[in-house]
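Student: Right, I'll just put the structure down here and ask away after.
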2 protein chains.
Amino acid sequence: MSKLRVVSFGLGPIGVRAAQLALSRKNLELVGAIDIDPGKAGKDLGELFDPKVRTGLEIDSDLAVLDRLKPDAVLHCTSSFMPMVKDQLIEICKRGIDIISSTEELLVPDLQHPDIAKAVDAAAKAGGATVLGTGVNPGFAMDFMAIVASAVMYSVKRVRCVRVVDAGTRRLPLQKKVGAGMTTAEFEAQKKTGRFGHIGMRESVALIARALGFAIDKNEQTLEPVLATEERKTQFLTVHKGHVAGIRNIGRGIKGTDTIIELDLSMYVGAPNTRDEMHLEGEPNVDVMFAGGIPGDIATAAILVNSIAQVVAASPGLKTVLDVAPPRVSA
Amino acid sequence: MSKLRVVSFGLGPIGVRAAQLALSRKNLELVGAIDIDPGKAGKDLGELFDPKVRTGLEIDSDLAVLDRLKPDAVLHCTSSFMPMVKDQLIEICKRGIDIISSTEELLVPDLQHPDIAKAVDAAAKAGGATVLGTGVNPGFAMDFMAIVASAVMYSVKRVRCVRVVDAGTRRLPLQKKVGAGMTTAEFEAQKKTGRFGHIGMRESVALIARALGFAIDKNEQTLEPVLATEERKTQFLTVHKGHVAGIRNIGRGIKGTDTIIELDLSMYVGAPNTRDEMHLEGEPNVDVMFAGGIPGDIATAAILVNSIAQVVAASPGLKTVLDVAPPRVSA
């Protein structure tokens with residue numbers, strides 16, 4: 001079997017982890033790395049893993065390098081938001097290169113950005129490329145796994161997922177994203193930007209609703225701070241007592257007055273009893289538990305890399321995790 | 001969306017349940033039913049659900065009826081063994097009709113029957129048909145779910161699944177298959193036929209090994225009777241104290257002297273603490289639990305029906321559950 005040639009685009013914490021993982025896989029060959037940060041350009045990719053590591057791969061700052069590298073797929077980890085990545089995706093699609101992206105909004109691309117979804121799908125089909133947005137959440141823990149669990153059921157009436165994450169064990173950008181260390185006033189100000197907290201809750205609700213044929217009238221979410229009851233320190237920051245430790249984010253798919261999808265996410269520094277649960281009410285009931293929870297940063301990088309071969313095998317177009325063969329470790 | 005036209009072929013307990021479920025689904029239209037048992041031919045399919053039910057679908061005994069019905073897909077539930085179904089599958093493939101089959105050996109078609117697999121694949125490609133073997137076990141509980149759980153991992157070293165089923169709640173053929181009510185002498189005689197007990201354990205081990213890139217040297221299984229410690233009655237039969245209540249069947253994938261896959265199935269009348277567990281050792285460890293277990297008879301019928309749309313959408317050929325989009329309830 002010939003190896004799939006992969007380029008990593010976007011070298012933040014998730015992109016770096018994904019690149020590192022791709023390097024370790026026998027069925028993949030990492031042939032390049034790109035980041036638009038000029039401070040990274042010219043460095044050896046290995047320096048982002050560890051100051052002493054060298055990979056022989058020099059970081060480029062321009063997508064034009066793809067013409068030379070001719071990869072089969074790009075691991076795309078640049079932004080959570082479709083308007084920020086639209087041009088990047090189209091540029092890559094034009095070259096006929098498949099994309100596995102961590103962009104949260106891509107999980108259900110036409111939910112918030114139908115025009116961008118249409119443009120990316122058209123570019124993908126024209127270029128003969130496949131585009132998939134995935135990750136652990138959205139993409140697995142609070143949507144895909146519940147949908148796959150429905151496979152053994154006659155019918156589903158209601159879905160409830162619970163995810164409890166100790167943000168203290170996660171990467172710095174995630175700790176910041178959940179407001180760890182902020183005052184409540186800072187939290188409320190950030191919340192108003194709409195680009196704060198966990199991104200992708202509406203997409204998870206929508207994916208479940210579409211997959212299971214739930215005709216929901218409303219796709220809503222609430223976002224509240226969880227306050228620290230005592231001082232808590234992480235590798236990166238300190239949360240003072242009474243300040244924000246993180247978030248409670250609840251997504252709801254509502255039909256009439258009935259909440260038929262409830263996705264309950266707690267992500268804060270010091271959260272106890274971390275876990276992932278999927279409860280499906282129907283014929284019969286199915287209850288799934290990931291003991292201790294699905295470890296977030298590892299899981300997101302893993303699921304991107306674990307989707308490469310399936311995306312390369314899929315037909316061209318903008319896909320969802322429901323359209324391609326399921327992700328898995330492949331040595 | 002136009003409905004997918006479906007024919008049920010094989011009207012044993014699983015086939016009947018699958019037909020009933022297909023009838024209830026808005027995205028499917030059950031257009032026919034076939035069974036080779038002449039005692040069923042000419043009856044209304046509904047009579048197999050309940051003596052008073054009528055569906056307007058007359059049971060046929062010959063595959064030739066497919067020429068008239070022109071379905072998109074056949075739900076195929078006739079036998080566990082590939083040599084028994086080879087001609088059936090090829091006949092259906094020739095007509096360009098997709099097949100979702102409960103034949104356990106089809107989970108990894110080339111494991112025990114590479115020649116049949118080749119012939120069916122060729123017929124499928126020539127006819128433009130897709131063929132998939134699936135079910136709850138093999139097909140989900142002790143293989144597919146563990147493989148999908150690996151999606152969130154960097155690497156997997158070892159897989160252990162535990163499935164405990166109370167056979168007393170299952171269909172009569174399953175109770176017979178696990179030897180419920182037999183003496184130990186009868187059990188040992190049956191065991192020698194090689195067509196007794198749970199079918200598909202080797203296929204589950206092989207699916208995991210191939211999916212995760214485990215180079216195993218041996219794919220072995222042990223099958224032992226579980227004896228009743230007191231008299232136990234089911235809807236269908238009585239197990240006397242000291243007689244066989246069911247089976248303990250353990251599949252092992254062994255590399256050198258190391259068991260890297262262990263699938264531990266207990267299926268007997270009165271089994272307590274029914275459950276499904278998937279334990280993946282690696283980076284990081286992942287532990288999944290289906291509380292109470294995945295209900296077997298419902299699950300097998302469900303997963304067949306819940307795979308129809310994905311099989312119809314897939315490209316022609318003989319596929320495995322790793323090649324097509326994941327199964328799910330679709331209303």
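By convention here, the chains of the structure tokens are called A, B, ... in the order presented, each chain's residues are numbered starting at 1, and ligands are numbered starting at 1 in the order presented.
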Skip Val178 of chain B itself and residues of its chain fewer than 2 positions away, then list as a PyMOL selection string all residues within 10 Å of it, counting only C-alpha atoms.
Tutor: chain B and resi 167+173-176+180-182+187+190-191+196-198+224-226+244-249+266-269
Student: Store the residues picked out above, limited to N, CA and C atoms, as a PDB file, in the first residue's frame.
Tutor:
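result16.pdb, freshly written:
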ATOM      1  N   ALA B 167     -29.721 -15.012  27.288  1.00  0.00           N
ATOM      2  CA  ALA B 167     -30.334 -15.700  26.146  1.00  0.00           C
ATOM      3  C   ALA B 167     -31.820 -15.973  26.386  1.00  0.00           C
ATOM      4  N   PRO B 173     -34.502 -19.497  17.966  1.00  0.00           N
ATOM      5  CA  PRO B 173     -33.313 -20.026  17.267  1.00  0.00           C
ATOM      6  C   PRO B 173     -32.013 -19.680  17.993  1.00  0.00           C
ATOM      7  N   LEU B 174     -31.964 -18.509  18.617  1.00  0.00           N
ATOM      8  CA  LEU B 174     -30.753 -18.156  19.352  1.00  0.00           C
ATOM      9  C   LEU B 174     -30.619 -19.016  20.597  1.00  0.00           C
ATOM     10  N   GLN B 175     -31.729 -19.246  21.285  1.00  0.00           N
ATOM     11  CA  GLN B 175     -31.662 -20.102  22.483  1.00  0.00           C
ATOM     12  C   GLN B 175     -31.163 -21.499  22.100  1.00  0.00           C
ATOM     13  N   LYS B 176     -31.648 -21.984  20.954  1.00  0.00           N
ATOM     14  CA  LYS B 176     -31.186 -23.299  20.489  1.00  0.00           C
ATOM     15  C   LYS B 176     -29.721 -23.263  20.096  1.00  0.00           C
ATOM     16  N   ALA B 180     -29.235 -23.964  24.891  1.00  0.00           N
ATOM     17  CA  ALA B 180     -30.049 -23.880  26.110  1.00  0.00           C
ATOM     18  C   ALA B 180     -30.956 -25.102  26.234  1.00  0.00           C
ATOM     19  N   GLY B 181     -30.875 -25.781  27.365  1.00  0.00           N
ATOM     20  CA  GLY B 181     -31.699 -26.957  27.621  1.00  0.00           C
ATOM     21  C   GLY B 181     -31.009 -28.272  27.319  1.00  0.00           C
ATOM     22  N   MET B 182     -29.877 -28.231  26.612  1.00  0.00           N
ATOM     23  CA  MET B 182     -29.180 -29.473  26.266  1.00  0.00           C
ATOM     24  C   MET B 182     -28.469 -30.077  27.477  1.00  0.00           C
ATOM     25  N   PHE B 187     -24.421 -31.034  24.005  1.00  0.00           N
ATOM     26  CA  PHE B 187     -23.661 -29.821  23.698  1.00  0.00           C
ATOM     27  C   PHE B 187     -22.354 -30.175  22.984  1.00  0.00           C
ATOM     28  N   GLN B 190     -22.947 -31.295  19.436  1.00  0.00           N
ATOM     29  CA  GLN B 190     -23.276 -30.158  18.572  1.00  0.00           C
ATOM     30  C   GLN B 190     -22.040 -29.325  18.257  1.00  0.00           C
ATOM     31  N   LYS B 191     -21.232 -29.133  19.288  1.00  0.00           N
ATOM     32  CA  LYS B 191     -20.033 -28.300  19.142  1.00  0.00           C
ATOM     33  C   LYS B 191     -19.143 -28.821  18.021  1.00  0.00           C
ATOM     34  N   PHE B 196     -22.414 -24.449  15.384  1.00  0.00           N
ATOM     35  CA  PHE B 196     -23.176 -24.365  16.626  1.00  0.00           C
ATOM     36  C   PHE B 196     -22.606 -23.212  17.445  1.00  0.00           C
ATOM     37  N   GLY B 197     -23.431 -22.658  18.307  1.00  0.00           N
ATOM     38  CA  GLY B 197     -22.965 -21.545  19.130  1.00  0.00           C
ATOM     39  C   GLY B 197     -23.043 -20.246  18.355  1.00  0.00           C
ATOM     40  N   HIS B 198     -22.400 -19.237  18.893  1.00  0.00           N
ATOM     41  CA  HIS B 198     -22.364 -17.941  18.233  1.00  0.00           C
ATOM     42  C   HIS B 198     -21.539 -18.033  16.959  1.00  0.00           C
ATOM     43  N   GLU B 224     -17.343 -22.952  25.455  1.00  0.00           N
ATOM     44  CA  GLU B 224     -17.651 -23.823  26.588  1.00  0.00           C
ATOM     45  C   GLU B 224     -19.108 -23.646  26.991  1.00  0.00           C
ATOM     46  N   PRO B 225     -19.716 -24.715  27.504  1.00  0.00           N
ATOM     47  CA  PRO B 225     -21.087 -24.566  27.998  1.00  0.00           C
ATOM     48  C   PRO B 225     -21.102 -23.864  29.359  1.00  0.00           C
ATOM     49  N   VAL B 226     -22.141 -23.087  29.595  1.00  0.00           N
ATOM     50  CA  VAL B 226     -22.412 -22.561  30.940  1.00  0.00           C
ATOM     51  C   VAL B 226     -23.566 -23.394  31.489  1.00  0.00           C
ATOM     52  N   VAL B 244     -27.286 -27.431  30.143  1.00  0.00           N
ATOM     53  CA  VAL B 244     -26.644 -26.265  29.513  1.00  0.00           C
ATOM     54  C   VAL B 244     -27.611 -25.075  29.467  1.00  0.00           C
ATOM     55  N   ALA B 245     -27.174 -23.939  30.008  1.00  0.00           N
ATOM     56  CA  ALA B 245     -27.957 -22.697  29.945  1.00  0.00           C
ATOM     57  C   ALA B 245     -27.540 -21.852  28.753  1.00  0.00           C
ATOM     58  N   GLY B 246     -26.330 -22.121  28.231  1.00  0.00           N
ATOM     59  CA  GLY B 246     -25.842 -21.339  27.094  1.00  0.00           C
ATOM     60  C   GLY B 246     -24.340 -21.448  26.975  1.00  0.00           C
ATOM     61  N   ILE B 247     -23.735 -20.415  26.431  1.00  0.00           N
ATOM     62  CA  ILE B 247     -22.312 -20.511  26.080  1.00  0.00           C
ATOM     63  C   ILE B 247     -21.452 -19.401  26.684  1.00  0.00           C
ATOM     64  N   ARG B 248     -20.193 -19.723  26.817  1.00  0.00           N
ATOM     65  CA  ARG B 248     -19.130 -18.735  26.975  1.00  0.00           C
ATOM     66  C   ARG B 248     -18.200 -18.954  25.784  1.00  0.00           C
ATOM     67  N   ASN B 249     -18.081 -17.933  24.961  1.00  0.00           N
ATOM     68  CA  ASN B 249     -17.329 -18.026  23.709  1.00  0.00           C
ATOM     69  C   ASN B 249     -16.297 -16.899  23.715  1.00  0.00           C
ATOM     70  N   SER B 266     -20.582 -13.990  26.756  1.00  0.00           N
ATOM     71  CA  SER B 266     -21.395 -14.913  27.552  1.00  0.00           C
ATOM     72  C   SER B 266     -22.830 -14.756  27.095  1.00  0.00           C
ATOM     73  N   MET B 267     -23.447 -15.853  26.716  1.00  0.00           N
ATOM     74  CA  MET B 267     -24.807 -15.784  26.208  1.00  0.00           C
ATOM     75  C   MET B 267     -25.536 -17.006  26.742  1.00  0.00           C
ATOM     76  N   TYR B 268     -26.238 -16.816  27.829  1.00  0.00           N
ATOM     77  CA  TYR B 268     -26.940 -17.966  28.405  1.00  0.00           C
ATOM     78  C   TYR B 268     -28.192 -17.520  29.143  1.00  0.00           C
ATOM     79  N   VAL B 269     -29.091 -18.463  29.297  1.00  0.00           N
ATOM     80  CA  VAL B 269     -30.366 -18.183  29.960  1.00  0.00           C
ATOM     81  C   VAL B 269     -30.078 -17.797  31.415  1.00  0.00           C
TER      82      VAL B 269
END
Student: Can you work out which residues from chain A touch chain B at a cut-off of 8 Å (counting only C-alpha atoms) and hand them back as an NGL selection string?
Tutor: :A and (21 or 136 or 147-156 or 211-214 or 284 or 286-291 or 294-295 or 298-300 or 302-303 or 306-307 or 322-331)
Student: Filtering to C-alpha atoms, could you give me those residues as a PDB file, in the first residue's frame?
Tutor:
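The resulting part08.pdb:
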ATOM      1  CA  LEU A  21       0.518  12.066  14.904  1.00  0.00           C
ATOM      2  CA  VAL A 136     -14.173  15.466  18.996  1.00  0.00           C
ATOM      3  CA  ILE A 147     -26.085   8.913  16.085  1.00  0.00           C
ATOM      4  CA  VAL A 148     -24.022   5.729  15.654  1.00  0.00           C
ATOM      5  CA  ALA A 149     -25.524   4.306  18.863  1.00  0.00           C
ATOM      6  CA  SER A 150     -28.951   4.685  17.225  1.00  0.00           C
ATOM      7  CA  ALA A 151     -27.903   1.989  14.755  1.00  0.00           C
ATOM      8  CA  VAL A 152     -29.175  -0.680  17.139  1.00  0.00           C
ATOM      9  CA  MET A 153     -32.576   0.965  17.684  1.00  0.00           C
ATOM     10  CA  TYR A 154     -35.930   0.773  15.917  1.00  0.00           C
ATOM     11  CA  SER A 155     -36.716   4.409  16.659  1.00  0.00           C
ATOM     12  CA  VAL A 156     -35.422   7.364  18.666  1.00  0.00           C
ATOM     13  CA  ALA A 211     -29.379  12.357  11.040  1.00  0.00           C
ATOM     14  CA  LEU A 212     -32.311  10.991  13.016  1.00  0.00           C
ATOM     15  CA  GLY A 213     -35.011  12.841  11.066  1.00  0.00           C
ATOM     16  CA  PHE A 214     -36.079  15.052  13.984  1.00  0.00           C
ATOM     17  CA  PRO A 284     -35.293   0.372  23.026  1.00  0.00           C
ATOM     18  CA  VAL A 286     -29.696   2.898  24.700  1.00  0.00           C
ATOM     19  CA  ASP A 287     -27.234   4.356  27.196  1.00  0.00           C
ATOM     20  CA  VAL A 288     -23.565   4.734  26.323  1.00  0.00           C
ATOM     21  CA  MET A 289     -20.823   5.907  28.656  1.00  0.00           C
ATOM     22  CA  PHE A 290     -17.189   6.735  28.036  1.00  0.00           C
ATOM     23  CA  ALA A 291     -15.728   6.302  31.511  1.00  0.00           C
ATOM     24  CA  ILE A 294     -12.995  11.330  25.867  1.00  0.00           C
ATOM     25  CA  PRO A 295      -9.705  13.232  26.287  1.00  0.00           C
ATOM     26  CA  ILE A 298      -5.717  14.175  21.932  1.00  0.00           C
ATOM     27  CA  ALA A 299      -9.107  13.213  20.564  1.00  0.00           C
ATOM     28  CA  THR A 300      -9.431  16.149  18.183  1.00  0.00           C
ATOM     29  CA  ALA A 302      -6.597  11.891  16.542  1.00  0.00           C
ATOM     30  CA  ILE A 303      -9.951  12.065  14.839  1.00  0.00           C
ATOM     31  CA  ASN A 306      -8.025   8.950  11.778  1.00  0.00           C
ATOM     32  CA  SER A 307     -10.328  10.344   9.070  1.00  0.00           C
ATOM     33  CA  LEU A 322     -22.447  10.941   8.244  1.00  0.00           C
ATOM     34  CA  ASP A 323     -21.421  10.617   4.594  1.00  0.00           C
ATOM     35  CA  VAL A 324     -18.009   8.985   4.845  1.00  0.00           C
ATOM     36  CA  ALA A 325     -16.762   5.702   6.306  1.00  0.00           C
ATOM     37  CA  PRO A 326     -16.216   5.941  10.066  1.00  0.00           C
ATOM     38  CA  PRO A 327     -12.896   7.201  11.492  1.00  0.00           C
ATOM     39  CA  ARG A 328     -10.476   4.766  13.124  1.00  0.00           C
ATOM     40  CA  VAL A 329      -6.865   4.271  14.064  1.00  0.00           C
ATOM     41  CA  SER A 330      -5.020   2.738  11.151  1.00  0.00           C
ATOM     42  CA  ALA A 331      -1.429   1.851  11.784  1.00  0.00           C
TER      43      ALA A 331
END
